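**Student:** This is the structure I want to talk about, given as structure tokens.
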Amino acid sequence: MSLTGTPFLCTLVVLSVAALVLPLVLWSRIRGPRALRAAARALMLLFAQGTAVALVFTLVNNANSLYDNWADLLGTGDHVRQAANLGANGTGGIALQRLPTVRQAFEPAAGPGMGAAGGVRVTQLRGRVSGVNAEVYVWLPPQYGEPAYRHRRFPVVELLPGYPGSAKAWFGSLHAHEQLLPLMRSGQVAPFILVAPRTNLLAGVDTGCANIPGTVNADTWLSVDVPKMVTDNFRAQSAPRGWAVAGYSAGAHCAARLAVAHPDRYRAAVSLSGYNDPIGERASLTAQSPALRAANNPYLMLRRSPVPPRIALYLSGQPHDGYEAAVALEQSARAPTTVHVVYIPKSAGGHTMALWRPQVVPVFQWLTQEMGLSPVTAGRAAPPRSPSTGGATPAELASGTASRAGAVQRR
């Protein structure tokens with residue numbers, strides 16, 4: 001029975017109701033020695049508490065897409081076949097253009113929200129370069145199947161979850177495809193292909209989206225194997241012009257890091273409540289030594305880069321949750337690197353899906369403009385220092401369309 005499936009949730013609801021009814025019906029009817037009666041009543045109480053905790057956990061997990069299956073929850077999943085030393089560029093000297101075409105079979109993805117807005121599809125990809133074997137979710141824009149666009153290649157955004165986090169999160173919890181579908185149809189947002197690869201590759205640890213020889217080649221999985229599969233199977237634009245990467249929390253750190261490290265593979269990156277120093281996620285492999293922390297810190301990577309990368313960064317955050325890291329990146333950036341910082345006040349909520357969900361639309365409007373794609377007819381997210389009225393809604397606060405000054409006045 002699937003951890004995130006409806007049958008498991010319904011079973012827990014039935015068990016929780018039964019756990020409440022049993023003590024009411026049987027408490028005074030239990031017969032036998034005192035010790036036996038006490039043990040039976042204790043078991044009923046434990047059963048009630050256990051089912052209640054399991055039900056709450058399942059509801060929270062489904063809402064936030066933390067664990068996709070039992071293996072992720074129990075820490076028994078391992079999606080790494082091998083982790084050879086692939087060198088500084090993550091290819092191991094392999095001529096990627098000479099690799100055989102990757103042909104994948106896709107099927108409709110199961111789970112909450114997966115069937116909405118035209119449906120999300122999934123495939124199991126064996127990364128030929130990275131040695132990773134994991135699932136990748138793909139959503140195609142509404143124009144993709146229309147005859148008028150049959151010769152058009154579409155831009156792509158890779159979507160990364162936090163840690164722990166499911167590759168389904170951008171669809172099942174943030175509802176990205178449902179929010180963007182009408183805007184793509186109306187021309188307010190470019191018709192992006194949305195790609196969500198698994199990032200939870202090892203049991204009990206965050207990979208930091210990095211290559212660590214002998215352990216995991218997560219960077220190569222995300223920036224080489226997944227893009228090759230997408231371009232081999234769909235009418236996707238070539239890198240870097242037509243590619244961007246976006247993430248929240250630990251995925252936000254990954255997005256910024258991947259774009260800074262590979263301006264030849266990504267034109268833009270979006271970081272929602274991210275961090276620079278990998279120690280921001282203590283379970284990350286890249287937080288285990290000063291050398292790894294420095295090598296995978298996008299702030300230090302930008303400062304040390306002999307040639308500033310031609311990338312655009314969209315960074316949003318709250319005080320002590322991403323904002324300071326965003327400002328540091330903004331201050332360290334040199335042309336042609338551009339950085340757009342969005343300040344989000346504490347009053348918009350905490351480090352949850354409710355904070356990031358309203359940011360999806362302004363993020364994709366920004367990507368549309370920044371990557372030189374279709375014109376945006378709706379307003380884009382305003383810079384953090386722009387004027388704002390005092391009556392901003394929670395959605396405006398979370399999306400960054402309310403200003404820092406206005407937010408301070410409302411505290």
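Letters for chains follow the order of the structure tokens (A, B, ...), residue numbers begin at 1 for each chain, and ligand numbers begin at 1 in the order shown.
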Which residues, written as number ranges by chain, have at least one atom at most 8 Å from Glu370 (chain A), with only C-alpha atoms counted and residues fewer than 4 positions away on the same chain left out?

**Tutor:** A: 268, 312, 366

**Student:** Per residue of region 275-309 of chain A within 10 Å of region 317-329 of chain A, which atom pair is closest and at what distance in Å (one decimal), using only C-alpha atoms, listed by chain and increasing number, as CSV?

**Tutor:**
residue,atom,partner,partner_atom,distance
A:Tyr275,CA,A:Gly322,CA,5.6
A:Asn276,CA,A:Ala325,CA,5.9
A:Asp277,CA,A:Ala325,CA,8.7
A:Gly280,CA,A:Asp321,CA,9.7
A:Pro298,CA,A:Leu329,CA,7.7
A:Tyr299,CA,A:Leu329,CA,5.5
A:Leu300,CA,A:Leu329,CA,8.9
A:Met301,CA,A:Leu329,CA,9.9
A:Leu302,CA,A:Leu329,CA,7.8
A:Arg303,CA,A:Leu329,CA,8.9

**Student:** Point out the residue among A:Val245, A:Val120, A:Leu74, A:Ala250 with the least atom-to-atom distance to Val270 (chain A), counting only C-alpha atoms.

**Tutor:** A:Val245

**Student:** Determine, using only C-alpha atoms, which residues of region 285-317 of chain A have any atom at most 12 Å from an atom of region 354-360 of chain A, and tabulate each with its shortest atom pair and distance in Å to one decimal place, rows ordered by chain and then rising number, as JSON lines.

**Tutor:**
{"residue": "A:Tyr314", "atom": "CA", "partner": "A:Gln359", "partner_atom": "CA", "distance": 11.1}
{"residue": "A:Leu315", "atom": "CA", "partner": "A:Gln359", "partner_atom": "CA", "distance": 11.0}
{"residue": "A:Ser316", "atom": "CA", "partner": "A:Gln359", "partner_atom": "CA", "distance": 9.0}
{"residue": "A:Gly317", "atom": "CA", "partner": "A:Trp356", "partner_atom": "CA", "distance": 9.9}

**Student:** Would you export the selected residues with all heavy atoms as a CSV table (one decimal), in the first residue's frame, please?

**Tutor:**
chain,number,residue,atom,x,y,z
A,314,TYR,N,17.2,34.6,-9.3
A,314,TYR,CA,16.0,35.1,-8.6
A,314,TYR,C,16.1,34.5,-7.2
A,314,TYR,O,16.0,33.3,-7.0
A,314,TYR,CB,14.7,34.7,-9.3
A,314,TYR,CG,13.4,35.2,-8.7
A,314,TYR,CD1,12.7,36.2,-9.3
A,314,TYR,CD2,12.9,34.6,-7.5
A,314,TYR,CE1,11.5,36.6,-8.7
A,314,TYR,CE2,11.7,35.0,-7.0
A,314,TYR,CZ,11.0,36.0,-7.5
A,314,TYR,OH,9.8,36.4,-7.0
A,315,LEU,N,16.2,35.4,-6.2
A,315,LEU,CA,16.4,34.9,-4.8
A,315,LEU,C,15.4,35.5,-3.9
A,315,LEU,O,15.3,36.8,-3.8
A,315,LEU,CB,17.8,35.3,-4.3
A,315,LEU,CG,19.0,34.9,-5.3
A,315,LEU,CD1,20.3,35.6,-4.8
A,315,LEU,CD2,19.2,33.4,-5.4
A,316,SER,N,14.6,34.7,-3.2
A,316,SER,CA,13.6,35.3,-2.3
A,316,SER,C,13.9,34.7,-0.9
A,316,SER,O,14.4,33.6,-0.8
A,316,SER,CB,12.2,35.0,-2.7
A,316,SER,OG,11.9,33.6,-2.5
A,317,GLY,N,13.6,35.5,0.1
A,317,GLY,CA,13.8,35.0,1.5
A,317,GLY,C,13.3,35.9,2.5
A,317,GLY,O,13.0,37.1,2.3

**Student:** Report as a VMD selection string all protein, DNA and RNA residues lying within 10 Å of Leu12 (chain A), evaluated on only C-alpha atoms, omitting residues in the same chain fewer than 2 positions from it.

**Tutor:** chain A and resid 6 to 10 14 to 18 51 to 56 58

**Student:** Find the residue from A:Ile344, A:Val80, A:Val102, A:Ala294 that sits nearest to Thr231 (chain A); use only C-alpha atoms when measuring.

**Tutor:**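 Ranking A:Ile344, A:Val80, A:Val102, A:Ala294 by distance to Thr231 (chain A), first place goes to A:Val102.
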
**Student:** Could you state the separation of CA of Ala190 (chain A) and CA of Thr368 (chain A) in Å, given to one decimal place?

**Tutor:**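 Rounded to one decimal, the two atoms are 5.5 Å apart.
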
**Student:** For a quick check of understanding, using only C-alpha atoms, which of A:Trp221, A:Tyr144, A:Tyr163, A:Tyr343 has the smallest distance to Leu181 (chain A)?

**Tutor:**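 Among the listed residues, the smallest separation from Leu181 (chain A) belongs to A:Tyr144.
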
**Student:** Got a sec: who's within 9 Å of Ser2 (chain A), counting only C-alpha atoms, leaving out chain neighbours fewer than 6 positions off, as a PDB file with all heavy atoms, in the first residue's frame?

**Tutor:**
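around-v7.pdb was written with the following content:
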ATOM      1  N   PHE A   8      -4.268   4.030   1.718  1.00  0.00           N
ATOM      2  CA  PHE A   8      -3.577   4.072   3.013  1.00  0.00           C
ATOM      3  C   PHE A   8      -4.170   5.151   3.905  1.00  0.00           C
ATOM      4  O   PHE A   8      -4.392   4.936   5.107  1.00  0.00           O
ATOM      5  CB  PHE A   8      -2.090   4.323   2.790  1.00  0.00           C
ATOM      6  CG  PHE A   8      -1.291   4.385   4.075  1.00  0.00           C
ATOM      7  CD1 PHE A   8      -1.161   3.269   4.885  1.00  0.00           C
ATOM      8  CD2 PHE A   8      -0.673   5.569   4.469  1.00  0.00           C
ATOM      9  CE1 PHE A   8      -0.437   3.324   6.077  1.00  0.00           C
ATOM     10  CE2 PHE A   8       0.059   5.630   5.648  1.00  0.00           C
ATOM     11  CZ  PHE A   8       0.183   4.508   6.454  1.00  0.00           C
ATOM     12  N   ASP A  68       8.168  10.208  -0.432  1.00  0.00           N
ATOM     13  CA  ASP A  68       7.383   9.731  -1.560  1.00  0.00           C
ATOM     14  C   ASP A  68       6.935   8.288  -1.392  1.00  0.00           C
ATOM     15  O   ASP A  68       5.910   7.884  -1.919  1.00  0.00           O
ATOM     16  CB  ASP A  68       8.208   9.871  -2.837  1.00  0.00           C
ATOM     17  CG  ASP A  68       7.349   9.846  -4.086  1.00  0.00           C
ATOM     18  OD1 ASP A  68       6.168  10.201  -3.988  1.00  0.00           O
ATOM     19  OD2 ASP A  68       7.863   9.465  -5.153  1.00  0.00           O
ATOM     20  N   ASN A  69       7.714   7.488  -0.663  1.00  0.00           N
ATOM     21  CA  ASN A  69       7.389   6.074  -0.518  1.00  0.00           C
ATOM     22  C   ASN A  69       7.967   5.553   0.793  1.00  0.00           C
ATOM     23  O   ASN A  69       8.647   6.278   1.528  1.00  0.00           O
ATOM     24  CB  ASN A  69       7.914   5.267  -1.711  1.00  0.00           C
ATOM     25  CG  ASN A  69       9.386   5.534  -1.981  1.00  0.00           C
ATOM     26  OD1 ASN A  69      10.213   5.519  -1.068  1.00  0.00           O
ATOM     27  ND2 ASN A  69       9.719   5.792  -3.239  1.00  0.00           N
ATOM     28  N   TRP A  70       7.720   4.274   1.061  1.00  0.00           N
ATOM     29  CA  TRP A  70       8.162   3.677   2.323  1.00  0.00           C
ATOM     30  C   TRP A  70       9.680   3.620   2.414  1.00  0.00           C
ATOM     31  O   TRP A  70      10.256   3.778   3.492  1.00  0.00           O
ATOM     32  CB  TRP A  70       7.558   2.277   2.472  1.00  0.00           C
ATOM     33  CG  TRP A  70       6.077   2.290   2.660  1.00  0.00           C
ATOM     34  CD1 TRP A  70       5.128   1.959   1.742  1.00  0.00           C
ATOM     35  CD2 TRP A  70       5.379   2.677   3.847  1.00  0.00           C
ATOM     36  NE1 TRP A  70       3.868   2.111   2.276  1.00  0.00           N
ATOM     37  CE2 TRP A  70       3.994   2.545   3.574  1.00  0.00           C
ATOM     38  CE3 TRP A  70       5.782   3.111   5.107  1.00  0.00           C
ATOM     39  CZ2 TRP A  70       3.023   2.843   4.510  1.00  0.00           C
ATOM     40  CZ3 TRP A  70       4.810   3.409   6.048  1.00  0.00           C
ATOM     41  CH2 TRP A  70       3.450   3.274   5.747  1.00  0.00           C
TER      42      TRP A  70
END

**Student:** If we count only C-alpha atoms and set the cut-off at 10 Å, which residues sit around Phe154 (chain A), ignoring sequence neighbours fewer than 5 positions away in its own chain? Please answer as a list in words.

**Tutor:**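 Near Phe154 (chain A), the qualifying residues are Leu140, Pro141, Gln143, Tyr144, Tyr149, Ala190, Pro191, Phe192, Ile193, Thr231, Phe234, Arg235, Ala236, Gln237, Ser238, Gly242, Trp243 and Leu373 of chain A.
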
**Student:** Assign secondary structure with DSSP using the backbone only, and return the residues of region 39-203 of chain A in strand (DSSP E) as a list of chain:residue names.

**Tutor:**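 Residues meeting the strand (DSSP E) criterion: A:Glu107, A:Pro108, A:Arg121, A:Val122, A:Thr123, A:Gln124, A:Leu125, A:Arg126, A:Asn133, A:Ala134, A:Glu135, A:Val136, A:Tyr137, A:Val138, A:Trp139, A:Val156, A:Val157, A:Glu158, A:Leu159, A:Leu160, A:Ile193, A:Leu194, A:Val195, A:Ala196, A:Pro197.
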
**Student:** With only C-alpha atoms as the atoms that count, which of A:Leu292, A:Val132, A:Ala239, A:Ile30 lies nearest to Gly208 (chain A)?

**Tutor:**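 The shortest atom-to-atom distance to Gly208 (chain A) comes from A:Leu292.
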
**Student:** Any idea what's packed within 10 Å of Gly247 (chain A), counting only C-alpha atoms, ignoring anything in its chain fewer than 3 positions away? Could you give it as a VMD selection string?

**Tutor:** chain A and resid 158 to 162 170 250 to 256 269 to 274 356

**Student:** From the DSSP assignment of the backbone, select every residue of region 86-266 of chain A that is alpha helix (DSSP H), and format the answer as a ChimeraX atom specification.

**Tutor:** /A:169-172,176-186,218-220,226-233,250-261

**Student:** Got a sec: who's within 8 Å of Leu202 (chain A), counting only C-alpha atoms, leaving out chain neighbours fewer than 3 positions off, as a VMD selection string?

**Tutor:** chain A and resid 77 to 80 205 to 207

**Student:** With only C-alpha atoms as the basis for distance, which of A:Val122, A:Ala35, A:Val260, A:Val138 is at the shortest distance from Arg304 (chain A)?

**Tutor:** A:Val260

**Student:** Closest to Asn297 (chain A) among A:Cys209, A:Asp72, A:Ala283, A:Ala176, using only C-alpha atoms?

**Tutor:**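 Going through A:Cys209, A:Asp72, A:Ala283, A:Ala176 one by one, the smallest distance to Asn297 (chain A) is for A:Cys209.
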
**Student:** Find the distance between CA of Ala218 (chain A) and CA of Asn89 (chain A) and write it in Å to one decimal.

**Tutor:**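 Computing the Euclidean distance for CA of Ala218 (chain A) and CA of Asn89 (chain A) yields 12.6 Å.
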
**Student:** For CA of Ala63 (chain A) and CA of Thr4 (chain A), quote the distance in Å rounded to one decimal.

**Tutor:** 9.9 Å
